[in-house]
file target_14.cif (mmCIF, C-alpha atoms and all ligand atoms)
data_final
loop_
_atom_site.label_atom_id
_atom_site.label_comp_id
_atom_site.auth_asym_id
_atom_site.auth_seq_id
_atom_site.Cartn_x
_atom_site.Cartn_y
_atom_site.Cartn_z
CA MET Q 312 68.70 124.83 123.30
CA LYS Q 313 71.92 126.71 122.82
CA ASP Q 314 72.38 126.90 126.61
CA TYR Q 315 71.87 123.15 126.90
CA LEU Q 316 74.48 122.60 124.24
CA ILE Q 317 76.96 124.80 126.07
CA ILE Q 318 76.31 123.05 129.41
CA PHE Q 319 76.55 119.66 127.69
CA SER Q 320 79.86 120.49 126.01
CA LEU Q 321 81.26 121.99 129.24
CA CYS Q 322 80.34 118.73 131.03
CA LEU Q 323 82.08 116.73 128.30
CA PHE Q 324 85.14 118.94 128.60
CA SER Q 325 85.41 118.62 132.36
CA THR Q 326 84.66 114.86 132.27
CA SER Q 327 87.44 114.31 129.76
CA LEU Q 328 89.82 116.46 131.81
CA ALA Q 329 88.86 114.48 134.93
CA ALA Q 330 89.41 111.17 133.09
CA GLN Q 331 92.75 112.46 131.91
CA ARG Q 332 93.55 113.51 135.47
CA ALA Q 333 93.23 109.83 136.48
CA VAL Q 334 95.88 108.90 133.89
CA THR Q 335 98.18 111.75 134.90
CA SER Q 336 98.02 110.71 138.56
CA LYS Q 337 99.25 107.27 137.44
CA ILE Q 338 102.00 109.03 135.48
CA SER Q 339 102.85 110.99 138.62
CA ALA Q 340 103.28 107.76 140.63
CA PHE Q 341 105.34 106.26 137.78
CA THR Q 342 107.57 109.37 137.64
CA ASP Q 343 108.09 109.28 141.42
CA LYS Q 344 109.29 105.68 141.15
CA ASN Q 345 111.40 106.52 138.11
CA TYR Q 346 112.91 109.68 139.61
CA PRO Q 347 116.16 108.26 141.06
CA SER Q 348 117.28 107.17 137.59
CA LEU Q 349 116.19 110.51 136.10
CA GLU Q 350 118.18 112.38 138.74
CA LYS Q 351 121.22 110.29 137.86
CA LEU Q 352 120.69 111.21 134.22
CA TYR Q 353 120.32 114.89 135.18
CA HIS Q 354 123.57 114.87 137.18
CA HIS Q 355 125.34 113.11 134.31
CA LEU Q 356 124.13 115.69 131.77
CA HIS Q 357 124.91 118.56 134.15
CA GLN Q 358 128.48 117.35 134.66
CA ASN Q 359 129.02 116.69 130.96
CA PRO Q 360 127.78 119.86 129.27
CA GLU Q 361 128.63 120.40 125.60
CA LEU Q 362 128.80 123.66 123.67
CA SER Q 363 126.52 124.48 120.71
CA MET Q 364 127.24 122.23 117.69
CA HIS Q 365 129.28 119.87 119.92
CA GLU Q 366 126.43 117.99 121.66
CA GLU Q 367 127.57 114.62 120.36
CA LYS Q 368 127.49 112.72 123.66
CA SER Q 369 124.26 114.31 124.91
CA ALA Q 370 122.56 113.45 121.61
CA ALA Q 371 123.86 109.88 121.73
CA ARG Q 372 122.58 109.49 125.29
CA ILE Q 373 119.08 110.76 124.42
CA ALA Q 374 119.04 108.58 121.28
CA LYS Q 375 119.95 105.53 123.39
CA GLU Q 376 117.15 106.27 125.87
CA LEU Q 377 114.58 106.70 123.09
CA LYS Q 378 115.68 103.55 121.22
CA ARG Q 379 115.40 101.53 124.41
CA LEU Q 380 111.77 102.71 124.71
CA GLY Q 381 110.97 101.56 121.17
CA PHE Q 382 111.36 104.86 119.29
CA GLU Q 383 112.67 104.85 115.75
CA VAL Q 384 115.53 107.37 115.94
CA MET Q 385 117.08 109.57 113.23
CA GLU Q 386 120.48 110.99 114.21
CA LYS Q 387 122.64 113.83 112.84
CA MET Q 388 119.64 115.67 111.37
CA GLY Q 389 121.84 118.74 110.87
CA ALA Q 390 124.54 119.23 113.56
CA HIS Q 391 123.71 116.78 116.40
CA ASN Q 392 119.93 117.06 116.12
CA ILE Q 393 118.17 113.80 116.92
CA VAL Q 394 114.54 112.88 116.23
CA GLY Q 395 112.68 109.95 117.80
CA ILE Q 396 109.36 108.69 116.45
CA PHE Q 397 106.95 106.48 118.40
CA LYS Q 398 103.92 105.34 116.39
CA ASN Q 399 101.03 104.29 118.57
CA GLY Q 400 98.08 103.82 116.22
CA PRO Q 401 96.10 106.33 114.17
CA GLY Q 402 95.73 109.78 115.69
CA PRO Q 403 97.38 113.20 115.90
CA THR Q 404 101.14 113.74 115.73
CA VAL Q 405 102.54 115.62 118.72
CA LEU Q 406 106.11 116.91 118.63
CA ILE Q 407 107.99 117.65 121.87
CA ARG Q 408 111.31 119.46 121.63
CA ALA Q 409 114.18 119.87 124.11
CA ASP Q 410 117.42 121.72 123.38
CA MET Q 411 120.73 120.18 124.42
CA ASP Q 412 123.55 122.76 124.32
CA ALA Q 413 125.41 124.44 127.19
CA LEU Q 414 127.34 127.72 127.54
CA PRO Q 415 131.00 128.80 127.80
CA LEU Q 416 130.92 129.69 131.51
CA GLU Q 417 132.66 128.53 134.66
CA GLU Q 418 130.03 127.23 137.08
CA LYS Q 419 130.10 128.97 140.46
CA THR Q 420 127.07 127.41 142.17
CA GLY Q 421 129.17 125.34 144.58
CA LEU Q 422 126.79 122.40 144.04
CA PRO Q 423 128.29 118.95 144.72
CA TYR Q 424 127.51 118.01 141.10
CA ALA Q 425 128.75 121.32 139.61
CA SER Q 426 130.32 121.12 136.15
CA LYS Q 427 134.10 121.13 135.83
CA ALA Q 428 133.90 120.42 132.12
CA LYS Q 429 135.91 122.15 129.41
CA GLY Q 430 135.16 122.55 125.75
CA ILE Q 431 136.54 124.19 122.63
CA ASN Q 432 134.74 127.34 121.54
CA ALA Q 433 134.16 128.57 117.98
CA ALA Q 434 137.49 130.46 118.08
CA GLY Q 435 139.35 127.22 118.93
CA ASN Q 436 140.09 128.16 122.56
CA GLU Q 437 139.57 125.92 125.57
CA VAL Q 438 136.80 127.27 127.81
CA ASN Q 439 134.80 126.15 130.84
CA VAL Q 440 131.36 124.80 130.01
CA MET Q 441 128.16 124.91 132.09
CA HIS Q 442 124.48 124.18 131.61
CA ALA Q 443 123.66 127.76 132.65
CA CYS Q 444 120.44 127.83 130.60
CA GLY Q 445 119.14 124.59 132.14
CA HIS Q 446 119.00 122.60 128.91
CA ASP Q 447 120.04 119.59 131.03
CA ILE Q 448 116.66 119.96 132.78
CA HIS Q 449 114.96 120.07 129.36
CA MET Q 450 116.70 116.85 128.22
CA THR Q 451 115.88 115.04 131.47
CA VAL Q 452 112.23 116.09 131.18
CA LEU Q 453 112.20 114.87 127.55
CA VAL Q 454 113.46 111.43 128.57
CA GLY Q 455 111.11 111.28 131.59
CA THR Q 456 108.14 112.25 129.42
CA ALA Q 457 109.06 109.65 126.79
CA ARG Q 458 109.21 106.99 129.51
CA ALA Q 459 105.89 108.10 131.01
CA LEU Q 460 104.02 108.25 127.69
CA VAL Q 461 105.34 104.86 126.57
CA GLU Q 462 104.31 103.44 129.95
CA ALA Q 463 100.80 104.90 129.40
CA LYS Q 464 100.61 103.93 125.69
CA SER Q 465 97.43 101.89 126.17
CA ARG Q 466 95.64 105.17 127.01
CA TRP Q 467 96.37 107.17 123.86
CA ASN Q 468 96.61 106.92 120.08
CA GLY Q 469 98.81 108.91 117.74
CA THR Q 470 102.44 109.53 116.86
CA LEU Q 471 104.85 110.98 119.40
CA VAL Q 472 107.88 112.80 118.00
CA MET Q 473 110.69 113.67 120.42
CA VAL Q 474 113.35 116.12 119.23
CA GLY Q 475 116.72 116.62 120.94
CA GLN Q 476 117.84 119.90 119.39
CA SER Q 477 121.42 120.93 118.85
CA ALA Q 478 122.73 124.51 118.96
CA GLU Q 479 119.88 126.61 120.32
CA GLU Q 480 122.18 129.14 121.96
CA ASN Q 481 123.77 130.28 118.70
CA GLY Q 482 120.45 130.15 116.84
CA LEU Q 483 121.66 127.59 114.28
CA GLY Q 484 120.21 124.27 115.45
CA ALA Q 485 116.53 124.48 114.48
CA ASP Q 486 117.45 126.03 111.11
CA LEU Q 487 119.78 123.08 110.38
CA LEU Q 488 117.08 120.63 111.48
CA PHE Q 489 114.62 122.08 108.97
CA LYS Q 490 117.28 122.30 106.28
CA ALA Q 491 117.73 118.54 106.88
CA GLY Q 492 114.02 118.22 106.02
CA LEU Q 493 112.43 117.48 109.40
CA TYR Q 494 108.81 118.01 108.32
CA GLU Q 495 109.33 115.94 105.16
CA LYS Q 496 110.83 113.03 107.12
CA ILE Q 497 108.23 112.71 109.88
CA PRO Q 498 104.42 112.80 109.83
CA LEU Q 499 103.59 116.54 109.89
CA PRO Q 500 102.97 117.45 113.54
CA ASP Q 501 99.49 118.69 114.46
CA PHE Q 502 101.10 120.40 117.45
CA ALA Q 503 104.64 121.23 118.59
CA ILE Q 504 105.35 121.95 122.26
CA ALA Q 505 108.42 122.86 124.29
CA LEU Q 506 109.31 124.25 127.69
CA HIS Q 507 112.05 126.44 129.10
CA ASP Q 508 113.08 126.52 132.73
CA ASN Q 509 112.58 129.88 134.39
CA PRO Q 510 115.10 131.38 136.85
CA TYR Q 511 112.56 133.50 138.76
CA LEU Q 512 109.57 131.14 138.97
CA ALA Q 513 109.29 128.67 141.87
CA ALA Q 514 109.68 124.97 141.08
CA GLY Q 515 106.20 123.41 140.89
CA LYS Q 516 104.79 126.35 138.96
CA ILE Q 517 104.17 126.83 135.26
CA GLY Q 518 104.18 130.15 133.40
CA PHE Q 519 102.34 130.79 130.17
CA ARG Q 520 101.60 133.50 127.68
CA GLU Q 521 99.29 133.51 124.67
CA GLY Q 522 100.71 135.14 121.54
CA ALA Q 523 104.04 137.01 121.80
CA PHE Q 524 106.27 134.94 124.12
CA MET Q 525 109.90 135.58 123.15
CA ALA Q 526 111.51 138.17 120.89
CA SER Q 527 113.24 137.94 117.54
CA VAL Q 528 117.04 137.91 117.74
CA ASP Q 529 119.65 139.39 115.40
CA MET Q 530 123.36 139.10 115.96
CA MET Q 531 125.24 141.97 114.37
CA ASP Q 532 128.99 142.42 113.86
CA ILE Q 533 130.46 145.87 113.29
CA THR Q 534 134.05 146.58 112.31
CA VAL Q 535 134.95 150.22 112.94
CA PHE Q 536 137.95 151.33 110.89
CA GLY Q 537 140.40 154.12 111.65
CA ALA Q 538 144.01 155.04 110.91
CA GLY Q 539 146.29 153.87 113.71
CA GLY Q 540 149.46 155.42 115.10
CA HIS Q 541 151.31 156.47 118.24
CA GLY Q 542 149.16 156.96 121.32
CA ALA Q 543 151.06 160.18 122.01
CA ALA Q 544 150.25 161.64 118.58
CA PRO Q 545 146.47 161.26 118.26
CA HIS Q 546 146.33 164.21 115.83
CA THR Q 547 148.11 162.06 113.23
CA THR Q 548 145.51 159.27 113.49
CA LYS Q 549 141.80 158.57 113.11
CA ASP Q 550 141.06 156.87 116.42
CA PRO Q 551 138.54 153.99 116.02
CA VAL Q 552 138.35 153.55 119.82
CA VAL Q 553 136.94 157.06 120.32
CA LEU Q 554 134.69 156.66 117.27
CA SER Q 555 133.35 153.36 118.65
CA ALA Q 556 132.62 154.99 122.00
CA GLN Q 557 130.64 157.76 120.24
CA MET Q 558 128.74 155.21 118.16
CA ILE Q 559 127.85 153.11 121.22
CA MET Q 560 126.45 156.15 123.02
CA ALA Q 561 124.51 157.23 119.93
CA PHE Q 562 123.00 153.71 119.60
CA GLN Q 563 121.40 154.27 123.02
CA THR Q 564 119.09 156.86 121.45
CA ILE Q 565 117.63 154.42 118.90
CA VAL Q 566 115.26 152.74 121.35
CA SER Q 567 114.78 155.81 123.56
CA ARG Q 568 114.24 158.42 120.77
CA GLU Q 569 113.40 156.69 117.49
CA ILE Q 570 111.28 153.59 118.18
CA ASN Q 571 107.67 154.06 119.19
CA PRO Q 572 107.66 153.62 123.02
CA ILE Q 573 104.76 151.16 122.68
CA ASP Q 574 106.95 148.76 120.66
CA PRO Q 575 109.51 146.69 122.57
CA ALA Q 576 113.09 146.77 121.24
CA VAL Q 577 116.60 146.24 122.58
CA VAL Q 578 120.01 147.30 121.22
CA THR Q 579 122.89 145.87 123.29
CA VAL Q 580 126.58 146.12 122.48
CA GLY Q 581 127.75 142.97 124.20
CA SER Q 582 131.36 142.89 123.08
CA ILE Q 583 133.98 145.42 121.98
CA HIS Q 584 137.61 144.64 121.14
CA GLY Q 585 140.29 146.93 119.83
CA GLY Q 586 143.95 147.59 120.30
CA THR Q 587 146.82 145.74 121.93
CA VAL Q 588 148.73 148.02 124.33
CA HIS Q 589 148.51 151.37 126.14
CA ASN Q 590 150.28 153.55 123.63
CA ILE Q 591 149.13 152.42 120.20
CA ILE Q 592 146.00 153.73 118.53
CA PRO Q 593 144.71 150.71 116.60
CA ASP Q 594 143.50 150.50 113.01
CA GLU Q 595 140.18 148.91 113.86
CA VAL Q 596 137.72 147.98 116.60
CA LYS Q 597 135.26 145.10 116.47
CA MET Q 598 131.87 145.17 118.15
CA GLN Q 599 129.17 142.53 118.58
CA LEU Q 600 125.56 143.56 119.11
CA THR Q 601 122.33 141.78 119.87
CA LEU Q 602 119.08 143.29 118.60
CA ARG Q 603 115.64 142.25 119.88
CA SER Q 604 112.11 143.09 118.85
CA TYR Q 605 108.70 141.54 118.22
CA ASP Q 606 107.77 143.39 115.07
CA LYS Q 607 109.41 143.15 111.63
CA ASP Q 608 109.10 146.91 111.00
CA VAL Q 609 110.72 147.71 114.37
CA ARG Q 610 113.54 145.30 113.50
CA ASN Q 611 114.10 146.96 110.12
CA GLN Q 612 113.93 150.45 111.66
CA THR Q 613 116.54 149.49 114.29
CA ILE Q 614 118.95 148.04 111.73
CA ALA Q 615 118.54 151.08 109.46
CA ALA Q 616 119.25 153.43 112.40
CA ILE Q 617 122.44 151.54 113.31
CA ARG Q 618 123.63 151.75 109.69
CA ARG Q 619 122.81 155.47 109.47
CA ILE Q 620 124.46 156.39 112.81
CA SER Q 621 127.58 154.29 112.09
CA ALA Q 622 128.16 155.79 108.64
CA SER Q 623 127.43 159.38 109.62
CA MET Q 624 129.66 159.26 112.70
CA ALA Q 625 132.51 157.78 110.67
CA GLN Q 626 132.05 160.63 108.19
CA ALA Q 627 132.02 163.16 111.03
CA ALA Q 628 135.33 161.67 112.23
CA GLY Q 629 136.76 162.46 108.79
CA LEU Q 630 137.09 158.93 107.50
CA PRO Q 631 137.01 158.38 103.74
CA GLU Q 632 134.31 156.40 101.91
CA ASP Q 633 136.37 153.18 101.88
CA LYS Q 634 136.79 153.30 105.67
CA MET Q 635 133.08 153.35 106.55
CA PRO Q 636 132.13 150.85 109.30
CA GLN Q 637 131.42 147.36 108.00
CA ILE Q 638 128.15 145.90 109.32
CA THR Q 639 127.06 142.29 108.94
CA ILE Q 640 124.00 140.54 110.31
CA ARG Q 641 124.50 136.88 110.99
CA GLU Q 642 122.27 134.37 109.28
CA PRO Q 643 119.94 132.85 110.21
CA GLN Q 644 118.03 135.44 112.18
CA THR Q 645 115.87 133.94 114.96
CA PRO Q 646 112.21 134.85 114.51
CA ALA Q 647 109.96 135.81 117.45
CA THR Q 648 108.26 132.94 119.28
CA VAL Q 649 104.50 133.41 119.14
CA ASN Q 650 102.29 130.92 120.96
CA ASP Q 651 99.20 129.74 119.10
CA PRO Q 652 96.21 131.21 121.02
CA VAL Q 653 93.88 128.20 120.64
CA LEU Q 654 96.56 125.68 121.64
CA THR Q 655 97.66 127.90 124.55
CA LYS Q 656 94.10 128.14 125.96
CA ARG Q 657 93.61 124.39 125.58
CA LEU Q 658 96.83 123.43 127.39
CA VAL Q 659 96.52 126.09 130.09
CA ALA Q 660 93.17 124.46 131.00
CA VAL Q 661 94.95 121.10 131.18
CA PHE Q 662 97.71 122.54 133.41
CA LYS Q 663 95.17 124.20 135.73
CA GLU Q 664 93.30 120.91 136.07
CA ASN Q 665 96.54 119.11 137.00
CA PHE Q 666 98.40 121.68 139.08
CA GLY Q 667 95.68 124.01 140.38
CA ASP Q 668 94.98 127.60 139.22
CA GLU Q 669 97.46 129.06 141.72
CA ASN Q 670 100.37 127.16 140.13
CA VAL Q 671 99.69 128.18 136.52
CA VAL Q 672 100.55 131.84 136.13
CA GLU Q 673 100.38 134.24 133.22
CA MET Q 674 103.80 135.78 132.48
CA PRO Q 675 104.84 138.90 130.57
CA PRO Q 676 106.64 138.51 127.24
CA TYR Q 677 110.46 138.52 127.45
CA MET Q 678 113.11 139.90 125.11
CA VAL Q 679 115.08 136.65 125.20
CA GLY Q 680 114.85 134.58 122.03
CA GLU Q 681 114.37 130.92 121.12
CA ASP Q 682 114.70 129.16 117.81
CA PHE Q 683 111.76 126.92 118.79
CA SER Q 684 109.87 129.61 116.83
CA ARG Q 685 111.01 127.84 113.64
CA PHE Q 686 108.90 124.77 114.42
CA GLY Q 687 105.83 126.92 113.73
CA MET Q 688 107.21 128.99 110.86
CA GLN Q 689 107.79 126.41 108.13
CA GLU Q 690 105.85 126.33 104.88
CA LYS Q 691 103.28 124.09 106.54
CA GLN Q 692 102.47 126.08 109.64
CA VAL Q 693 102.23 124.04 112.82
CA PRO Q 694 100.63 125.49 115.97
CA ILE Q 695 103.32 125.87 118.63
CA PHE Q 696 103.24 126.37 122.38
CA MET Q 697 106.20 127.02 124.63
CA PHE Q 698 105.79 127.48 128.37
CA TRP Q 699 107.94 128.38 131.37
CA LEU Q 700 108.83 125.72 133.89
CA GLY Q 701 109.50 127.10 137.38
CA ALA Q 702 112.98 125.90 138.37
CA ILE Q 703 113.95 127.65 141.60
CA ASP Q 704 113.66 126.62 145.25
CA PRO Q 705 110.37 128.27 146.41
CA VAL Q 706 112.10 129.36 149.66
CA LYS Q 707 114.71 131.28 147.63
CA VAL Q 708 112.02 132.85 145.41
CA GLN Q 709 110.12 134.08 148.46
CA ALA Q 710 113.25 135.34 150.24
CA ALA Q 711 114.35 137.25 147.13
CA ALA Q 712 110.89 138.86 146.81
CA GLU Q 713 110.91 139.88 150.50
CA ASN Q 714 114.44 141.29 150.43
CA GLY Q 715 114.14 142.93 147.03
CA GLU Q 716 117.01 140.79 145.73
CA GLN Q 717 117.52 139.62 142.18
CA LEU Q 718 117.87 135.86 141.68
CA PRO Q 719 120.63 134.66 139.28
CA SER Q 720 119.33 134.83 135.71
CA LEU Q 721 119.68 132.25 132.97
CA HIS Q 722 123.26 132.37 131.60
CA SER Q 723 124.57 133.25 135.08
CA PRO Q 724 127.36 131.07 136.57
CA LEU Q 725 125.19 130.98 139.72
CA PHE Q 726 122.03 129.63 138.04
CA ALA Q 727 121.03 126.60 140.15
CA PRO Q 728 117.68 124.94 139.46
CA LEU Q 729 116.11 122.72 142.15
CA PRO Q 730 116.09 119.44 140.22
CA GLU Q 731 113.44 117.19 141.76
CA PRO Q 732 110.28 119.35 141.74
CA THR Q 733 111.36 121.03 138.50
CA ILE Q 734 111.91 117.78 136.59
CA LYS Q 735 108.79 116.11 138.00
CA THR Q 736 106.58 119.13 137.18
CA GLY Q 737 108.09 119.28 133.68
CA ILE Q 738 107.32 115.62 133.02
CA MET Q 739 103.79 115.92 134.41
CA ALA Q 740 103.09 119.05 132.37
CA MET Q 741 104.46 117.60 129.12
CA SER Q 742 102.72 114.25 129.62
CA ALA Q 743 99.38 115.86 130.51
CA ALA Q 744 99.66 118.19 127.49
CA ALA Q 745 100.47 115.30 125.11
CA LEU Q 746 97.70 113.10 126.52
CA ASP Q 747 95.22 115.90 125.92
CA LEU Q 748 96.39 116.40 122.33
CA PHE Q 749 96.40 112.68 121.42
CA GLU Q 750 93.26 110.71 120.76
CA LYS Q 751 92.00 108.91 123.82
CA VAL Q 752 91.60 105.16 123.83
CA LYS Q 753 87.95 104.49 124.57
ZN ZN Q 801 120.15 130.29 126.82
ZN ZN Q 802 117.81 128.17 126.88
#
call {"tool": "encode", "arguments": {"input": "target_14.cif", "output": "structure tokens", "more": "lines below"}}
Ligand SMILES: [Zn+2]
Ligand SMILES: [Zn+2]
result
Amino acid sequence: MKDYLIIFSLCLFSTSLAAQRAVTSKISAFTDKNYPSLEKLYHHLHQNPELSMHEEKSAARIAKELKRLGFEVMEKMGAHNIVGIFKNGPGPTVLIRADMDALPLEEKTGLPYASKAKGINAAGNEVNVMHACGHDIHMTVLVGTARALVEAKSRWNGTLVMVGQSAEENGLGADLLFKAGLYEKIPLPDFAIALHDNPYLAAGKIGFREGAFMASVDMMDITVFGAGGHGAAPHTTKDPVVLSAQMIMAFQTIVSREINPIDPAVVTVGSIHGGTVHNIIPDEVKMQLTLRSYDKDVRNQTIAAIRRISASMAQAAGLPEDKMPQITIREPQTPATVNDPVLTKRLVAVFKENFGDENVVEMPPYMVGEDFSRFGMQEKQVPIFMFWLGAIDPVKVQAAAENGEQLPSLHSPLFAPLPEPTIKTGIMAMSAAALDLFEKVK
């Protein structure tokens, strides 16, 4: 009897996936027809990138697209966060999130639609701006998915929530969205899903991982004090440049000698500034660090080690108590992104049905971070799933593998996704996932 039940439920499962496949093939045809306008949108977003907290025009553009489709749109939900709600009868609430911000980089891809945009950074300086993390792909997929799901609205029931998120890169946007009361202002999502383009995976492919997906992120600022003076009389000073160099080298032993080798962790000093000219020993040096881990205890151990090493090296340099290094950790910290196992299994089956097993690949966890984690970490816990969207020309991926070359990473001025197959696969994957999570119309 039990066996019959299993066979019966497997049949039901595959029949419903097959029925859904019929809808997604219609969505595929619709997306093909719709693609020229989506490509125009992608080029527009790519050429008009905006830095974190400045995504005013991108947000307005997404809001306009959603309103035109019949979404009720809430704007300025903390920074430039926008939230669109499309109610389509009783059923589950599915939230889809795309981030909108770009990075302070000069694009060097040489593409005909490369960005020449400028923006003002947090320090008030004019900088070049580029969508080097591919959030323009994410926004285009969000709009394409909204169009596809509204087109197919007679086939599903439920509430679709589309979020255009501000300020992912500096880790502030999702926090501000929840401080603005997102889950109190919309029906509580039954599921929240998001994607991120991947700089090593071929366009047309999808990468997934159950459980640990992306690391927690801390941004740490350290001011190292000294006693400045003439560069030719170092014996009359306490040199914070030399002390900083010693501290940086000692930090390298935290992960290699203190953290259990089984636990992933990263300590990177990404920025160091001190002094003005050749022959002056400065009074202070400023450093900026990024810390990554998956485990709270590892995070705490890393921070404690940095504090201990900094203070003891300053003491060893002969600095007094009031000149100990000043360490601050920026708030909010970005928690690790952990994919819900049940939701992951369910949507991986959907992706395999739509794209074939060979195009849906399991990926290792990465030490990059994402504040999409917050969508699952509120008081009312919502199952989340984030997946990788292959974004690179398959010919380039293969050539790099054969020649042992490294493709440009995310945040590289050379990062150049292949738009058409990437955007189409993103829309198909998101639409198929949402259709599976909504209630079907009989
Ligand atoms: Zn990024
Ligand atoms: Zn990103």
call {"tool": "closest_residue", "arguments": {"input": "target_14.cif", "among": "Q:Ile695, Q:Ala340, Q:Ala443, Q:Ile396", "to": "ligand ZN 801 (chain Q)", "atoms": "only C-alpha atoms and all ligand atoms"}}
result
Q:Ala443
call {"tool": "residues_near_ligand", "arguments": {"input": "target_14.cif", "ligand": "ligand ZN 802 (chain Q)", "cutoff": "7 Å", "atoms": "all atoms listed in the file", "output": "MDAnalysis selection string"}}
result
chainID Q and resid 444:446 480 507
call {"tool": "closest_residue", "arguments": {"input": "target_14.cif", "among": "Q:Tyr677, Q:Pro403, Q:Asn509, Q:Thr451", "to": "Lys735 of chain Q", "atoms": "all atoms listed in the file"}}
result
Q:Thr451
call {"tool": "residues_around", "arguments": {"input": "target_14.cif", "residues": "segment 582-593 of chain Q", "least_positions_apart": "4", "cutoff": "12 Å", "atoms": "only C-alpha atoms", "output": "PyMOL selection string"}}
result
chain Q and resi 530-556+558-559+597-601
call {"tool": "residues_near_ligand", "arguments": {"input": "target_14.cif", "ligand": "ligand ZN 801 (chain Q)", "cutoff": "12 Å", "atoms": "only C-alpha atoms and all ligand atoms", "output": "JSON, numbers by chain"}}
result
{"Q": [362, 363, 410, 411, 412, 413, 414, 415, 416, 441, 442, 443, 444, 445, 446, 447, 449, 478, 479, 480, 481, 482, 507, 508, 509, 510, 679, 680, 681, 682, 720, 721, 722, 723, 726]}
call {"tool": "closest_residue", "arguments": {"input": "target_14.cif", "among": "Q:Glu569, Q:Glu750, Q:Asp606, Q:Glu417", "to": "Pro724 of chain Q", "atoms": "only C-alpha atoms"}}
result
Q:Glu417
call {"tool": "closest_residue", "arguments": {"input": "target_14.cif", "among": "Q:Val438, Q:Leu630, Q:Met473, Q:Met388", "to": "Lys490 of chain Q", "atoms": "all atoms listed in the file"}}
result
Q:Met388
call {"tool": "atom_distance", "arguments": {"input": "target_14.cif", "atom1": "atom CA of Leu506 of chain Q", "atom2": "atom CA of Lys337 of chain Q"}}
result
22.0 Å
call {"tool": "atom_distance", "arguments": {"input": "target_14.cif", "atom1": "atom CA of Ala647 of chain Q", "atom2": "atom CA of Val672 of chain Q"}}
result
21.3 Å
call {"tool": "closest_residue", "arguments": {"input": "target_14.cif", "among": "Q:Leu471, Q:Pro730, Q:Val454, Q:Tyr511", "to": "Pro401 of chain Q", "atoms": "only C-alpha atoms"}}
result
Q:Leu471
call {"tool": "residues_around", "arguments": {"input": "target_14.cif", "residues": "Pro347 of chain Q", "least_positions_apart": "3", "cutoff": "12 Å", "atoms": "all atoms listed in the file", "output": "list in words"}}
result
Phe341, Thr342, Asp343, Lys344, Glu350, Lys351, Leu352, Tyr353, His354, Thr451, Gly455, Pro730, Glu731, Ile734 and Lys735 of chain Q
